[in-house]
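Asker: Next comes the structure file coords_15.cif, holding mmCIF, C-alpha atoms (C1' of nucleotides).
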data_data
loop_
_atom_site.group_PDB
_atom_site.id
_atom_site.type_symbol
_atom_site.label_atom_id
_atom_site.label_comp_id
_atom_site.auth_asym_id
_atom_site.auth_seq_id
_atom_site.Cartn_x
_atom_site.Cartn_y
_atom_site.Cartn_z
ATOM 1 C CA MET A 1 -32.478 54.554 185.755
ATOM 2 C CA SER A 2 -32.294 50.938 186.919
ATOM 3 C CA GLN A 3 -34.539 52.153 189.692
ATOM 4 C CA ASP A 4 -37.496 51.751 187.369
ATOM 5 C CA LEU A 5 -37.168 47.991 187.394
ATOM 6 C CA GLU A 6 -37.252 47.849 191.164
ATOM 7 C CA THR A 7 -40.206 50.175 191.335
ATOM 8 C CA GLN A 8 -42.249 47.671 189.389
ATOM 9 C CA GLU A 9 -42.006 45.166 192.208
ATOM 10 C CA PRO A 10 -44.273 45.359 195.280
ATOM 11 C CA ILE A 11 -42.948 47.568 198.055
ATOM 12 C CA TYR A 12 -42.887 44.604 200.411
ATOM 13 C CA GLN A 13 -40.520 42.731 198.110
ATOM 14 C CA ARG A 14 -38.049 45.618 198.176
ATOM 15 C CA ILE A 15 -38.225 45.779 201.929
ATOM 16 C CA TYR A 16 -37.354 42.093 202.188
ATOM 17 C CA ALA A 17 -34.366 42.675 199.926
ATOM 18 C CA THR A 18 -33.107 45.453 202.188
ATOM 19 C CA VAL A 19 -33.488 43.326 205.312
ATOM 20 C CA CYS A 20 -31.505 40.557 203.631
ATOM 21 C CA GLN A 21 -28.611 43.019 203.310
ATOM 22 C CA ILE A 22 -28.164 43.119 207.071
ATOM 23 C CA PRO A 23 -25.190 40.874 207.989
ATOM 24 C CA SER A 24 -25.178 38.520 210.923
ATOM 25 C CA GLY A 25 -24.243 40.189 214.198
ATOM 26 C CA ARG A 26 -25.844 43.490 213.182
ATOM 27 C CA VAL A 27 -29.351 44.928 213.440
ATOM 28 C CA ALA A 28 -31.344 47.783 211.938
ATOM 29 C CA THR A 29 -34.404 49.804 212.896
ATOM 30 C CA TYR A 30 -37.616 49.888 210.890
ATOM 31 C CA GLY A 31 -36.949 53.534 210.105
ATOM 32 C CA GLN A 32 -33.481 52.834 208.719
ATOM 33 C CA VAL A 33 -34.735 49.986 206.540
ATOM 34 C CA ALA A 34 -37.589 52.165 205.310
ATOM 35 C CA ARG A 35 -35.236 55.025 204.431
ATOM 36 C CA ILE A 36 -32.746 52.753 202.667
ATOM 37 C CA THR A 37 -35.457 50.913 200.776
ATOM 38 C CA GLY A 38 -37.008 54.195 199.742
ATOM 39 C CA GLY A 39 -40.633 54.887 198.875
ATOM 40 C CA CYS A 40 -41.909 53.422 202.128
ATOM 41 C CA THR A 41 -42.292 54.358 205.783
ATOM 42 C CA ALA A 42 -41.279 52.618 208.984
ATOM 43 C CA ARG A 43 -44.763 51.180 209.346
ATOM 44 C CA MET A 44 -44.582 49.607 205.920
ATOM 45 C CA VAL A 45 -41.487 47.708 207.026
ATOM 46 C CA GLY A 46 -43.212 46.397 210.115
ATOM 47 C CA TYR A 47 -46.299 45.392 208.213
ATOM 48 C CA ALA A 48 -44.187 43.788 205.521
ATOM 49 C CA LEU A 49 -42.417 41.616 208.056
ATOM 50 C CA ALA A 50 -45.763 40.726 209.605
ATOM 51 C CA ALA A 51 -46.733 39.302 206.231
ATOM 52 C CA LEU A 52 -43.583 37.205 206.023
ATOM 53 C CA LYS A 53 -43.915 33.506 205.404
ATOM 54 C CA GLU A 54 -41.844 30.602 206.667
ATOM 55 C CA GLY A 55 -40.532 29.858 203.188
ATOM 56 C CA MET A 56 -38.801 33.227 202.937
ATOM 57 C CA ASP A 57 -35.105 33.557 203.785
ATOM 58 C CA VAL A 58 -35.426 36.952 205.413
ATOM 59 C CA PRO A 59 -33.544 37.689 208.682
ATOM 60 C CA TRP A 60 -36.576 39.483 210.145
ATOM 61 C CA GLN A 61 -35.144 39.017 213.643
ATOM 62 C CA ARG A 62 -32.470 41.619 212.853
ATOM 63 C CA VAL A 63 -35.078 44.336 212.477
ATOM 64 C CA ILE A 64 -36.082 46.152 215.677
ATOM 65 C CA ASN A 65 -37.708 49.434 216.591
ATOM 66 C CA PHE A 66 -35.858 52.745 217.037
ATOM 67 C CA LYS A 67 -35.844 52.279 220.828
ATOM 68 C CA GLY A 68 -33.539 49.328 220.413
ATOM 69 C CA LYS A 69 -36.171 46.927 221.655
ATOM 70 C CA ILE A 70 -38.199 44.150 220.080
ATOM 71 C CA SER A 71 -41.766 45.051 219.227
ATOM 72 C CA PRO A 72 -44.320 42.919 221.133
ATOM 73 C CA HIS A 73 -46.227 41.448 218.226
ATOM 74 C CA GLY A 74 -48.758 38.649 218.260
ATOM 75 C CA LEU A 75 -49.089 36.930 221.608
ATOM 76 C CA GLY A 76 -45.465 37.701 222.431
ATOM 77 C CA TYR A 77 -43.955 34.300 221.748
ATOM 78 C CA GLY A 78 -42.329 35.646 218.586
ATOM 79 C CA SER A 79 -40.507 38.312 220.564
ATOM 80 C CA ALA A 80 -38.869 35.714 222.805
ATOM 81 C CA LEU A 81 -37.733 33.799 219.736
ATOM 82 C CA GLN A 82 -36.390 36.934 218.092
ATOM 83 C CA ARG A 83 -34.437 37.875 221.217
ATOM 84 C CA GLN A 84 -32.891 34.406 221.383
ATOM 85 C CA LEU A 85 -31.954 34.458 217.693
ATOM 86 C CA LEU A 86 -30.173 37.791 218.091
ATOM 87 C CA ILE A 87 -28.242 36.546 221.096
ATOM 88 C CA ASP A 88 -27.242 33.515 219.087
ATOM 89 C CA GLU A 89 -25.782 35.834 216.450
ATOM 90 C CA GLY A 90 -23.771 37.763 219.003
ATOM 91 C CA ILE A 91 -26.095 40.667 219.750
ATOM 92 C CA LEU A 92 -25.956 41.761 223.373
ATOM 93 C CA PHE A 93 -28.979 42.919 225.390
ATOM 94 C CA ASP A 94 -28.877 45.103 228.459
ATOM 95 C CA GLU A 95 -30.844 44.461 231.645
ATOM 96 C CA LYS A 96 -33.887 46.107 230.127
ATOM 97 C CA GLU A 97 -33.690 43.831 227.075
ATOM 98 C CA ARG A 98 -32.572 46.729 224.923
ATOM 99 C CA ILE A 99 -29.910 46.649 222.203
ATOM 100 C CA ASP A 100 -27.197 49.298 221.855
ATOM 101 C CA LEU A 101 -27.986 50.717 218.414
ATOM 102 C CA GLU A 102 -24.736 52.690 218.469
ATOM 103 C CA LYS A 103 -22.848 49.404 218.386
ATOM 104 C CA PHE A 104 -25.055 46.906 216.596
ATOM 105 C CA SER A 105 -27.000 49.048 214.111
ATOM 106 C CA TYR A 106 -25.713 48.223 210.616
ATOM 107 C CA PHE A 107 -27.108 51.407 209.115
ATOM 108 C CA PHE A 108 -26.158 54.521 211.003
ATOM 109 C CA ASP A 109 -27.866 57.869 210.779
ATOM 110 C "C1'" DC B 1 -64.079 51.593 194.743
ATOM 111 C "C1'" DG B 2 -64.443 52.038 200.105
ATOM 112 C "C1'" DG B 3 -63.052 50.678 204.588
ATOM 113 C "C1'" DC B 4 -60.193 48.077 207.964
ATOM 114 C "C1'" DT B 5 -55.713 46.495 209.684
ATOM 115 C "C1'" DG B 6 -51.055 46.823 211.420
ATOM 116 C "C1'" DA B 7 -43.431 44.059 213.887
ATOM 117 C "C1'" DC B 8 -43.490 52.285 213.599
ATOM 118 C "C1'" DT B 9 -41.842 57.030 214.936
ATOM 119 C "C1'" DC B 10 -42.016 61.413 217.285
ATOM 120 C "C1'" DT B 11 -43.489 65.006 220.831
ATOM 121 C "C1'" DG B 12 -45.078 66.343 225.172
ATOM 122 C "C1'" DG B 13 -46.093 65.668 230.150
ATOM 123 C "C1'" DT C 1 -38.107 56.375 232.595
ATOM 124 C "C1'" DC C 2 -42.819 55.411 231.390
ATOM 125 C "C1'" DC C 3 -47.562 56.606 229.222
ATOM 126 C "C1'" DA C 4 -50.643 58.541 225.679
ATOM 127 C "C1'" DG C 5 -51.908 60.587 221.346
ATOM 128 C "C1'" DA C 6 -51.346 61.802 216.383
ATOM 129 C "C1'" DG C 7 -49.517 60.985 211.655
ATOM 130 C "C1'" DC C 8 -48.722 57.770 208.116
ATOM 131 C "C1'" DC C 9 -49.477 54.282 203.814
ATOM 132 C "C1'" DA C 10 -49.501 49.718 201.328
ATOM 133 C "C1'" DG C 11 -52.253 45.322 201.177
ATOM 134 C "C1'" DC C 12 -56.477 42.740 201.493
ATOM 135 C "C1'" DC C 13 -61.601 41.835 201.494
#
Could you write out this structure as structure tokens?

Answerer:
Amino acid sequence: MSQDLETQEPIYQRIYATVCQIPSGRVATYGQVARITGGCTARMVGYALAALKEGMDVPWQRVINFKGKISPHGLGYGSALQRQLLIDEGILFDEKERIDLEKFSYFFD
DNA sequence: CGGCTGACTCTGG
DNA sequence: TCCAGAGCCAGCC
């Protein structure tokens, strides 16, 4: 019913809205965001975030891959920033720079 | 309208 | 645990 209104907007816009639902101190995988957003796949989420602009208030740093690690995009400088932002929010990394999805994933399967 | 690109996920070895 | 390949689809030129 009200779903029709959301369907009119670009898929990227809906993905951003889902990411904004993730509270501080929690993370989510691309697959979870894709499934919750609906009508899109994990890749769409990643590509949507890649198209993000500085003027958007989207906590893109809280989105990671299903392995619990940060995807090495661009030259890699963004990954270091993302890791630092997550630590600043209280997310803990293990020695392999991986996050415990069982503890920090906001959406659970 | 056709082709290229890309922050993913899963299976097998 | 790490590496490689295949499947997948919305934007943009």

Asker: If you take all atoms listed in the file and a cut-off of 10 Å, which residues of chain A touch chain C, and what are their nearest atom pairs and distances in Å to one decimal, in chain and number order, as CSV?

Answerer:
residue,atom,partner,partner_atom,distance
A:Pro10,CA,C:DA10,C1',9.1
A:Ile11,CA,C:DA10,C1',7.6
A:Tyr12,CA,C:DA10,C1',8.4
A:Cys40,CA,C:DC9,C1',7.8
A:Thr41,CA,C:DC9,C1',7.5
A:Ala42,CA,C:DC8,C1',9.1
A:Arg43,CA,C:DC8,C1',7.8
A:Met44,CA,C:DA10,C1',6.7
A:Tyr47,CA,C:DA10,C1',8.7
A:Ala48,CA,C:DA10,C1',9.0
A:Ala51,CA,C:DG11,C1',9.6

Asker: Would you give me, as a list in words, the residues of chain B that come within 8 Å of chain A, using all atoms listed in the file?

Answerer: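 Residues passing the distance filter: DG6, DA7, DC8 and DT9 of chain B.
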
Asker: Mind giving me the straight-line distance from CA of Phe104 in chain A to CA of Arg26 in chain A in Å, one decimal?

Answerer: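 The value is 4.9 Å.
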
Asker: Which residue is closest to Arg35 in chain A? Choose from A:Arg14, A:Arg98, A:Lys69, A:Lys53 and count all atoms listed in the file.

Answerer: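 Closest candidate: A:Arg14.
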
Asker: Rounded to one decimal, what separation in Å do you get between CA of Tyr77 in chain A and CA of Pro23 in chain A?

Answerer: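 According to the coordinates, CA of Tyr77 in chain A and CA of Pro23 in chain A are separated by 24.2 Å.
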
Asker: Could you tell me, as a ChimeraX atom specification, exactly which residues end up selected when the PyMOL selection byres ((chain A and resi 89) around 12) is applied to this structure?

Answerer: /A:23-27,59,61-62,82-88,90-93,104

Asker: Could you work out how far CA of Gln21 in chain A lies from C1' of DT5 in chain B, giving the answer in Å with one decimal?

Answerer: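 Computing it gives 28.1 Å between the two atoms.
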
Asker: Neighbouring residues of Thr18 in chain A were defined as those with any atom within 9 Å, considering only C-alpha atoms (C1' of nucleotides); residues of the same chain fewer than 3 positions away were excluded. Please report them as a PyMOL selection string.

Answerer: chain A and resi 13-15+21-22+33-34+36-37

Asker: Please fill the gaps in range 74-88 of chain A so it has N, CA, C and O atoms, and write that as a PDB file, in the frame of the given file.

Answerer:
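That gives us rebuild23.pdb:
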ATOM      1  N   GLY A  74     -48.043  39.893 217.995  1.00  0.00           N
ATOM      2  CA  GLY A  74     -48.758  38.649 218.260  1.00  0.00           C
ATOM      3  C   GLY A  74     -49.001  38.446 219.742  1.00  0.00           C
ATOM      4  O   GLY A  74     -49.275  39.386 220.474  1.00  0.00           O
ATOM      5  N   LEU A  75     -48.870  37.231 220.197  1.00  0.00           N
ATOM      6  CA  LEU A  75     -49.089  36.930 221.608  1.00  0.00           C
ATOM      7  C   LEU A  75     -47.814  37.155 222.418  1.00  0.00           C
ATOM      8  O   LEU A  75     -47.816  37.062 223.627  1.00  0.00           O
ATOM      9  N   GLY A  76     -46.707  37.445 221.723  1.00  0.00           N
ATOM     10  CA  GLY A  76     -45.465  37.701 222.431  1.00  0.00           C
ATOM     11  C   GLY A  76     -44.458  36.573 222.318  1.00  0.00           C
ATOM     12  O   GLY A  76     -43.297  36.749 222.634  1.00  0.00           O
ATOM     13  N   TYR A  77     -44.895  35.420 221.847  1.00  0.00           N
ATOM     14  CA  TYR A  77     -43.955  34.300 221.748  1.00  0.00           C
ATOM     15  C   TYR A  77     -42.894  34.576 220.680  1.00  0.00           C
ATOM     16  O   TYR A  77     -41.765  34.129 220.789  1.00  0.00           O
ATOM     17  N   GLY A  78     -43.275  35.329 219.663  1.00  0.00           N
ATOM     18  CA  GLY A  78     -42.329  35.646 218.586  1.00  0.00           C
ATOM     19  C   GLY A  78     -41.210  36.538 219.091  1.00  0.00           C
ATOM     20  O   GLY A  78     -40.062  36.415 218.678  1.00  0.00           O
ATOM     21  N   SER A  79     -41.518  37.417 220.026  1.00  0.00           N
ATOM     22  CA  SER A  79     -40.507  38.312 220.564  1.00  0.00           C
ATOM     23  C   SER A  79     -39.429  37.530 221.303  1.00  0.00           C
ATOM     24  O   SER A  79     -38.250  37.823 221.195  1.00  0.00           O
ATOM     25  N   ALA A  80     -39.828  36.527 222.058  1.00  0.00           N
ATOM     26  CA  ALA A  80     -38.869  35.714 222.805  1.00  0.00           C
ATOM     27  C   ALA A  80     -37.954  34.977 221.833  1.00  0.00           C
ATOM     28  O   ALA A  80     -36.754  34.864 222.065  1.00  0.00           O
ATOM     29  N   LEU A  81     -38.520  34.499 220.748  1.00  0.00           N
ATOM     30  CA  LEU A  81     -37.733  33.799 219.736  1.00  0.00           C
ATOM     31  C   LEU A  81     -36.758  34.756 219.078  1.00  0.00           C
ATOM     32  O   LEU A  81     -35.584  34.453 218.915  1.00  0.00           O
ATOM     33  N   GLN A  82     -37.231  35.931 218.736  1.00  0.00           N
ATOM     34  CA  GLN A  82     -36.390  36.934 218.092  1.00  0.00           C
ATOM     35  C   GLN A  82     -35.212  37.297 218.992  1.00  0.00           C
ATOM     36  O   GLN A  82     -34.080  37.369 218.544  1.00  0.00           O
ATOM     37  N   ARG A  83     -35.488  37.517 220.263  1.00  0.00           N
ATOM     38  CA  ARG A  83     -34.437  37.875 221.217  1.00  0.00           C
ATOM     39  C   ARG A  83     -33.383  36.774 221.279  1.00  0.00           C
ATOM     40  O   ARG A  83     -32.190  37.026 221.290  1.00  0.00           O
ATOM     41  N   GLN A  84     -33.824  35.522 221.294  1.00  0.00           N
ATOM     42  CA  GLN A  84     -32.891  34.406 221.383  1.00  0.00           C
ATOM     43  C   GLN A  84     -32.054  34.297 220.110  1.00  0.00           C
ATOM     44  O   GLN A  84     -30.856  34.017 220.166  1.00  0.00           O
ATOM     45  N   LEU A  85     -32.667  34.533 218.967  1.00  0.00           N
ATOM     46  CA  LEU A  85     -31.954  34.458 217.693  1.00  0.00           C
ATOM     47  C   LEU A  85     -30.860  35.513 217.627  1.00  0.00           C
ATOM     48  O   LEU A  85     -29.749  35.254 217.158  1.00  0.00           O
ATOM     49  N   LEU A  86     -31.153  36.710 218.109  1.00  0.00           N
ATOM     50  CA  LEU A  86     -30.173  37.791 218.091  1.00  0.00           C
ATOM     51  C   LEU A  86     -29.004  37.464 219.017  1.00  0.00           C
ATOM     52  O   LEU A  86     -27.845  37.695 218.673  1.00  0.00           O
ATOM     53  N   ILE A  87     -29.307  36.917 220.163  1.00  0.00           N
ATOM     54  CA  ILE A  87     -28.242  36.546 221.096  1.00  0.00           C
ATOM     55  C   ILE A  87     -27.352  35.478 220.464  1.00  0.00           C
ATOM     56  O   ILE A  87     -26.125  35.500 220.603  1.00  0.00           O
ATOM     57  N   ASP A  88     -27.980  34.595 219.742  1.00  0.00           N
ATOM     58  CA  ASP A  88     -27.242  33.515 219.087  1.00  0.00           C
ATOM     59  C   ASP A  88     -26.312  34.048 217.999  1.00  0.00           C
ATOM     60  O   ASP A  88     -25.312  33.430 217.647  1.00  0.00           O
TER      61      ASP A  88
END
